[in-house]
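Source file protein-v3.pdb; content: PDB, C-alpha atoms, pLDDT in the B column.
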ATOM      1  CA  MET A   1     104.850 120.449 169.749  1.00 52.00           C
ATOM      2  CA  ILE A   2     105.128 122.630 166.643  1.00 59.00           C
ATOM      3  CA  GLU A   3     107.537 124.956 168.466  1.00 69.00           C
ATOM      4  CA  ASN A   4     109.715 121.968 169.390  1.00 83.00           C
ATOM      5  CA  ILE A   5     109.755 120.700 165.807  1.00 86.00           C
ATOM      6  CA  GLU A   6     110.694 124.179 164.575  1.00 90.00           C
ATOM      7  CA  LYS A   7     113.642 124.309 167.017  1.00 92.00           C
ATOM      8  CA  ILE A   8     114.816 120.877 165.891  1.00 93.00           C
ATOM      9  CA  LYS A   9     114.374 121.841 162.236  1.00 93.00           C
ATOM     10  CA  ASN A  10     116.380 125.053 162.713  1.00 94.00           C
ATOM     11  CA  HIS A  11     119.154 123.086 164.425  1.00 94.00           C
ATOM     12  CA  ALA A  12     119.125 120.503 161.609  1.00 95.00           C
ATOM     13  CA  GLU A  13     119.352 123.234 158.967  1.00 96.00           C
ATOM     14  CA  LYS A  14     122.379 124.793 160.680  1.00 96.00           C
ATOM     15  CA  THR A  15     123.971 121.364 160.996  1.00 97.00           C
ATOM     16  CA  ALA A  16     123.314 120.720 157.275  1.00 97.00           C
ATOM     17  CA  ASP A  17     125.185 123.952 156.447  1.00 96.00           C
ATOM     18  CA  LYS A  18     128.166 122.863 158.561  1.00 97.00           C
ATOM     19  CA  LEU A  19     128.172 119.395 157.028  1.00 98.00           C
ATOM     20  CA  ILE A  20     128.088 120.710 153.457  1.00 98.00           C
ATOM     21  CA  GLU A  21     130.991 123.039 154.170  1.00 97.00           C
ATOM     22  CA  LYS A  22     133.022 120.273 155.819  1.00 97.00           C
ATOM     23  CA  LEU A  23     132.330 117.801 152.994  1.00 98.00           C
ATOM     24  CA  LYS A  24     133.319 120.459 150.434  1.00 97.00           C
ATOM     25  CA  ALA A  25     136.537 121.257 152.301  1.00 97.00           C
ATOM     26  CA  LEU A  26     137.445 117.571 152.386  1.00 97.00           C
ATOM     27  CA  GLY A  27     136.334 116.914 148.799  1.00 97.00           C
ATOM     28  CA  LEU A  28     133.949 114.146 149.879  1.00 98.00           C
ATOM     29  CA  LYS A  29     130.720 112.864 148.347  1.00 98.00           C
ATOM     30  CA  LEU A  30     127.881 111.529 150.501  1.00 98.00           C
ATOM     31  CA  ALA A  31     125.189 108.934 149.770  1.00 98.00           C
ATOM     32  CA  LEU A  32     122.193 108.223 151.991  1.00 98.00           C
ATOM     33  CA  ALA A  33     119.807 105.362 152.721  1.00 98.00           C
ATOM     34  CA  GLU A  34     116.748 106.589 154.594  1.00 98.00           C
ATOM     35  CA  SER A  35     113.906 104.593 156.046  1.00 97.00           C
ATOM     36  CA  CYS A  36     111.962 106.296 158.870  1.00 96.00           C
ATOM     37  CA  THR A  37     113.046 109.768 157.724  1.00 97.00           C
ATOM     38  CA  ALA A  38     111.787 109.043 154.186  1.00 96.00           C
ATOM     39  CA  GLY A  39     114.136 111.498 152.472  1.00 97.00           C
ATOM     40  CA  LEU A  40     114.106 114.196 155.153  1.00 97.00           C
ATOM     41  CA  VAL A  41     117.907 114.159 155.567  1.00 98.00           C
ATOM     42  CA  SER A  42     118.333 114.574 151.818  1.00 98.00           C
ATOM     43  CA  SER A  43     115.775 117.355 151.809  1.00 97.00           C
ATOM     44  CA  LEU A  44     117.552 119.233 154.598  1.00 97.00           C
ATOM     45  CA  LEU A  45     120.783 119.030 152.613  1.00 98.00           C
ATOM     46  CA  VAL A  46     119.401 120.006 149.205  1.00 97.00           C
ATOM     47  CA  ASN A  47     117.666 123.035 150.694  1.00 96.00           C
ATOM     48  CA  LYS A  48     121.176 124.446 151.051  1.00 93.00           C
ATOM     49  CA  SER A  49     123.370 126.017 148.418  1.00 91.00           C
ATOM     50  CA  GLY A  50     126.265 123.772 147.486  1.00 92.00           C
ATOM     51  CA  ALA A  51     124.518 120.484 148.206  1.00 96.00           C
ATOM     52  CA  SER A  52     124.972 119.296 144.634  1.00 96.00           C
ATOM     53  CA  SER A  53     128.737 119.329 145.076  1.00 97.00           C
ATOM     54  CA  VAL A  54     128.616 116.909 148.020  1.00 98.00           C
ATOM     55  CA  LEU A  55     125.435 114.812 147.810  1.00 98.00           C
ATOM     56  CA  TRP A  56     125.736 111.876 145.408  1.00 98.00           C
ATOM     57  CA  GLY A  57     122.161 110.760 145.991  1.00 97.00           C
ATOM     58  CA  SER A  58     119.765 109.035 148.311  1.00 97.00           C
ATOM     59  CA  PHE A  59     117.736 105.845 148.543  1.00 98.00           C
ATOM     60  CA  VAL A  60     114.425 106.013 150.381  1.00 98.00           C
ATOM     61  CA  CYS A  61     113.986 102.421 151.520  1.00 97.00           C
ATOM     62  CA  TYR A  62     110.898 102.740 153.638  1.00 95.00           C
ATOM     63  CA  THR A  63     109.761  99.109 153.626  1.00 95.00           C
ATOM     64  CA  GLN A  64     111.500  95.782 154.007  1.00 95.00           C
ATOM     65  CA  GLU A  65     110.804  95.061 150.346  1.00 97.00           C
ATOM     66  CA  ALA A  66     112.468  98.340 149.355  1.00 97.00           C
ATOM     67  CA  LYS A  67     115.557  97.507 151.405  1.00 97.00           C
ATOM     68  CA  VAL A  68     115.768  94.151 149.640  1.00 97.00           C
ATOM     69  CA  SER A  69     115.111  95.350 146.084  1.00 97.00           C
ATOM     70  CA  MET A  70     116.919  98.698 146.164  1.00 97.00           C
ATOM     71  CA  LEU A  71     119.915  97.843 148.338  1.00 97.00           C
ATOM     72  CA  ASP A  72     120.135  94.057 147.896  1.00 97.00           C
ATOM     73  CA  ILE A  73     119.978  93.429 151.631  1.00 97.00           C
ATOM     74  CA  ASP A  74     119.289  89.789 152.379  1.00 96.00           C
ATOM     75  CA  ASN A  75     115.635  89.334 153.348  1.00 95.00           C
ATOM     76  CA  ASN A  76     116.500  86.557 155.817  1.00 96.00           C
ATOM     77  CA  LYS A  77     119.028  88.840 157.500  1.00 95.00           C
ATOM     78  CA  LEU A  78     116.345  91.510 157.900  1.00 96.00           C
ATOM     79  CA  ASP A  79     113.966  88.929 159.368  1.00 95.00           C
ATOM     80  CA  GLU A  80     116.654  87.686 161.742  1.00 95.00           C
ATOM     81  CA  HIS A  81     117.835  91.066 163.050  1.00 96.00           C
ATOM     82  CA  GLY A  82     114.724  93.198 162.562  1.00 93.00           C
ATOM     83  CA  LEU A  83     114.227  96.311 160.500  1.00 96.00           C
ATOM     84  CA  VAL A  84     115.184  98.563 163.397  1.00 96.00           C
ATOM     85  CA  SER A  85     118.560  97.236 164.459  1.00 97.00           C
ATOM     86  CA  ARG A  86     122.264  97.935 164.381  1.00 98.00           C
ATOM     87  CA  ASP A  87     122.742  95.208 161.795  1.00 98.00           C
ATOM     88  CA  THR A  88     120.126  96.646 159.443  1.00 98.00           C
ATOM     89  CA  ALA A  89     121.472 100.199 159.762  1.00 98.00           C
ATOM     90  CA  CYS A  90     125.015  98.975 159.062  1.00 98.00           C
ATOM     91  CA  SER A  91     123.870  96.871 156.109  1.00 98.00           C
ATOM     92  CA  MET A  92     121.991  99.824 154.641  1.00 98.00           C
ATOM     93  CA  ALA A  93     125.013 102.134 154.955  1.00 98.00           C
ATOM     94  CA  GLU A  94     127.400  99.556 153.499  1.00 98.00           C
ATOM     95  CA  LYS A  95     125.104  98.725 150.591  1.00 97.00           C
ATOM     96  CA  VAL A  96     124.400 102.332 149.627  1.00 97.00           C
ATOM     97  CA  LEU A  97     128.129 103.001 149.717  1.00 97.00           C
ATOM     98  CA  GLU A  98     128.744 100.018 147.400  1.00 96.00           C
ATOM     99  CA  LYS A  99     126.053 101.184 144.959  1.00 97.00           C
ATOM    100  CA  SER A 100     127.228 104.786 144.803  1.00 97.00           C
ATOM    101  CA  ALA A 101     130.246 106.788 143.778  1.00 96.00           C
ATOM    102  CA  ALA A 102     130.324 108.341 147.246  1.00 98.00           C
ATOM    103  CA  ASP A 103     133.152 108.444 149.767  1.00 97.00           C
ATOM    104  CA  LEU A 104     130.875 107.873 152.723  1.00 97.00           C
ATOM    105  CA  ALA A 105     127.303 106.876 153.365  1.00 98.00           C
ATOM    106  CA  ALA A 106     124.817 107.239 156.167  1.00 98.00           C
ATOM    107  CA  SER A 107     121.679 105.274 156.888  1.00 98.00           C
ATOM    108  CA  VAL A 108     118.783 105.689 159.258  1.00 98.00           C
ATOM    109  CA  THR A 109     116.127 103.167 160.254  1.00 98.00           C
ATOM    110  CA  GLY A 110     113.624 103.420 163.070  1.00 96.00           C
ATOM    111  CA  LEU A 111     110.065 103.591 164.315  1.00 93.00           C
ATOM    112  CA  ALA A 112     108.525 107.051 164.185  1.00 92.00           C
ATOM    113  CA  GLY A 113     105.071 105.852 165.265  1.00 87.00           C
ATOM    114  CA  PRO A 114     102.367 106.224 166.186  1.00 83.00           C
ATOM    115  CA  LEU A 115     102.037 102.472 165.654  1.00 80.00           C
ATOM    116  CA  GLY A 116     104.717  99.870 166.170  1.00 78.00           C
ATOM    117  CA  ASP A 117     105.688  97.163 163.739  1.00 80.00           C
ATOM    118  CA  GLY A 118     104.888  94.196 165.994  1.00 82.00           C
ATOM    119  CA  SER A 119     108.573  93.548 166.754  1.00 85.00           C
ATOM    120  CA  GLY A 120     108.488  94.888 170.297  1.00 86.00           C
ATOM    121  CA  VAL A 121     110.910  97.690 169.413  1.00 90.00           C
ATOM    122  CA  PRO A 122     109.678 100.853 171.173  1.00 91.00           C
ATOM    123  CA  ILE A 123     108.360 103.799 169.154  1.00 91.00           C
ATOM    124  CA  GLY A 124     111.108 106.401 168.928  1.00 93.00           C
ATOM    125  CA  THR A 125     113.934 103.856 168.542  1.00 95.00           C
ATOM    126  CA  VAL A 126     116.271 104.837 165.719  1.00 97.00           C
ATOM    127  CA  TRP A 127     119.548 103.362 164.468  1.00 98.00           C
ATOM    128  CA  ILE A 128     121.986 105.479 162.456  1.00 98.00           C
ATOM    129  CA  ALA A 129     125.073 104.115 160.707  1.00 98.00           C
ATOM    130  CA  VAL A 130     127.886 105.780 158.796  1.00 98.00           C
ATOM    131  CA  ALA A 131     130.149 103.791 156.461  1.00 98.00           C
ATOM    132  CA  LYS A 132     133.383 105.009 154.910  1.00 97.00           C
ATOM    133  CA  LYS A 133     135.197 103.770 151.789  1.00 95.00           C
ATOM    134  CA  ASP A 134     138.096 102.592 153.964  1.00 94.00           C
ATOM    135  CA  GLY A 135     135.771  99.992 155.500  1.00 93.00           C
ATOM    136  CA  ALA A 136     135.152 101.791 158.787  1.00 95.00           C
ATOM    137  CA  ILE A 137     131.563 101.721 159.992  1.00 97.00           C
ATOM    138  CA  PHE A 138     129.994 103.467 162.938  1.00 97.00           C
ATOM    139  CA  ALA A 139     126.525 102.846 164.358  1.00 98.00           C
ATOM    140  CA  LYS A 140     124.547 104.418 167.159  1.00 98.00           C
ATOM    141  CA  GLU A 141     121.137 103.824 168.693  1.00 98.00           C
ATOM    142  CA  PHE A 142     118.846 106.696 169.658  1.00 97.00           C
ATOM    143  CA  ASN A 143     115.678 106.588 171.733  1.00 94.00           C
ATOM    144  CA  PHE A 144     113.522 109.616 171.072  1.00 91.00           C
ATOM    145  CA  THR A 145     110.823 109.559 173.715  1.00 80.00           C
ATOM    146  CA  GLY A 146     108.910 112.042 175.798  1.00 66.00           C
ATOM    147  CA  SER A 147     108.042 111.581 179.454  1.00 61.00           C
ATOM    148  CA  ASN A 148     107.516 107.814 179.150  1.00 60.00           C
ATOM    149  CA  GLU A 149     105.438 108.317 176.020  1.00 66.00           C
ATOM    150  CA  PRO A 150     106.374 108.281 172.360  1.00 69.00           C
ATOM    151  CA  LEU A 151     107.021 111.655 170.801  1.00 75.00           C
ATOM    152  CA  PRO A 152     104.856 112.783 167.897  1.00 84.00           C
ATOM    153  CA  ARG A 153     105.798 111.111 164.621  1.00 88.00           C
ATOM    154  CA  ASN A 154     107.277 114.141 162.887  1.00 90.00           C
ATOM    155  CA  GLU A 155     109.292 115.103 165.949  1.00 91.00           C
ATOM    156  CA  VAL A 156     110.930 111.666 165.884  1.00 93.00           C
ATOM    157  CA  ARG A 157     111.616 112.070 162.157  1.00 95.00           C
ATOM    158  CA  TYR A 158     113.201 115.520 162.561  1.00 95.00           C
ATOM    159  CA  ARG A 159     115.255 114.407 165.578  1.00 94.00           C
ATOM    160  CA  ALA A 160     116.461 111.397 163.594  1.00 97.00           C
ATOM    161  CA  ALA A 161     117.358 113.542 160.566  1.00 97.00           C
ATOM    162  CA  ALA A 162     119.239 116.052 162.734  1.00 97.00           C
ATOM    163  CA  SER A 163     121.069 113.172 164.414  1.00 97.00           C
ATOM    164  CA  VAL A 164     122.174 111.748 161.046  1.00 98.00           C
ATOM    165  CA  LEU A 165     123.710 115.110 160.147  1.00 98.00           C
ATOM    166  CA  GLU A 166     125.383 115.358 163.568  1.00 97.00           C
ATOM    167  CA  GLU A 167     126.792 111.821 163.336  1.00 98.00           C
ATOM    168  CA  LEU A 168     128.205 112.547 159.905  1.00 98.00           C
ATOM    169  CA  LEU A 169     129.952 115.659 161.240  1.00 97.00           C
ATOM    170  CA  THR A 170     131.375 113.619 164.122  1.00 96.00           C
ATOM    171  CA  VAL A 171     132.615 110.781 161.922  1.00 95.00           C
ATOM    172  CA  ILE A 172     134.293 112.930 159.281  1.00 93.00           C
TER     173      ILE A 172
END
Please express the file's structure as structure tokens.
Amino acid sequence: MIENIEKIKNHAEKTADKLIEKLKALGLKLALAESCTAGLVSSLLVNKSGASSVLWGSFVCYTQEAKVSMLDIDNNKLDEHGLVSRDTACSMAEKVLEKSAADLAASVTGLAGPLGDGSGVPIGTVWIAVAKKDGAIFAKEFNFTGSNEPLPRNEVRYRAAASVLEELLTVI
């Protein structure tokens, strides 16, 4: 398990380097809204030289209350669609983009486990969204599972963080 997390972490660090260089080359600023990764994407970026020139900032909106108070996402909308959904990921990305001086924003929401949230969403389900100032928004669902069992919590978190970085590279 630790070996697997180390491989994922190394991949994420290399992807963070590529993303920083691409954002610099394009003159773009990035803002983040993180739930299940709890700041891990931001951490992977700021571990790299040059991050301050491309990272506007990050919101760690771990709970429903945080999503409501920090990002002004409608509580009823969260109840209706669930915390781990395309709609919530898109709302998070759009709201963080509105609240920042960034050119694009990414969000991540999911269930890292080991316990579920009572919604019936499987452990390892993660939604990532990327929003751009031109109004374009992209969202993708990931299911990080082992052989019919949930992966360890931190493996889900690192896979989700690496996937955010990869999606950003794809979108820009």
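From atom CA of His11 of chain A back to atom CA of Leu28 of chain A, the distance works out to 22.6 Å.
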| For Ser42 of chain A, which of A:Gly27, A:Phe59, A:Ala101, A:Val156 is the closest residue, counting all atoms listed in the file? | A:Phe59
| task | Determine the residue set returned by the PyMOL selection byres ((chain A and resi 137) around 12) for the present structure, and present it as a ChimeraX atom specification. | result | /A:86-87,89-95,97,104-107,128-136,138-140,167-168,171-172
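Taking all atoms listed in the file into account, Gly124 of chain A lies nearest to A:Thr37 out of the set A:Ser69, A:Glu166, A:Thr37, A:Val54.
Put simply, atom CA of Asn47 of chain A is 9.5 Å away from atom CA of Asp17 of chain A.
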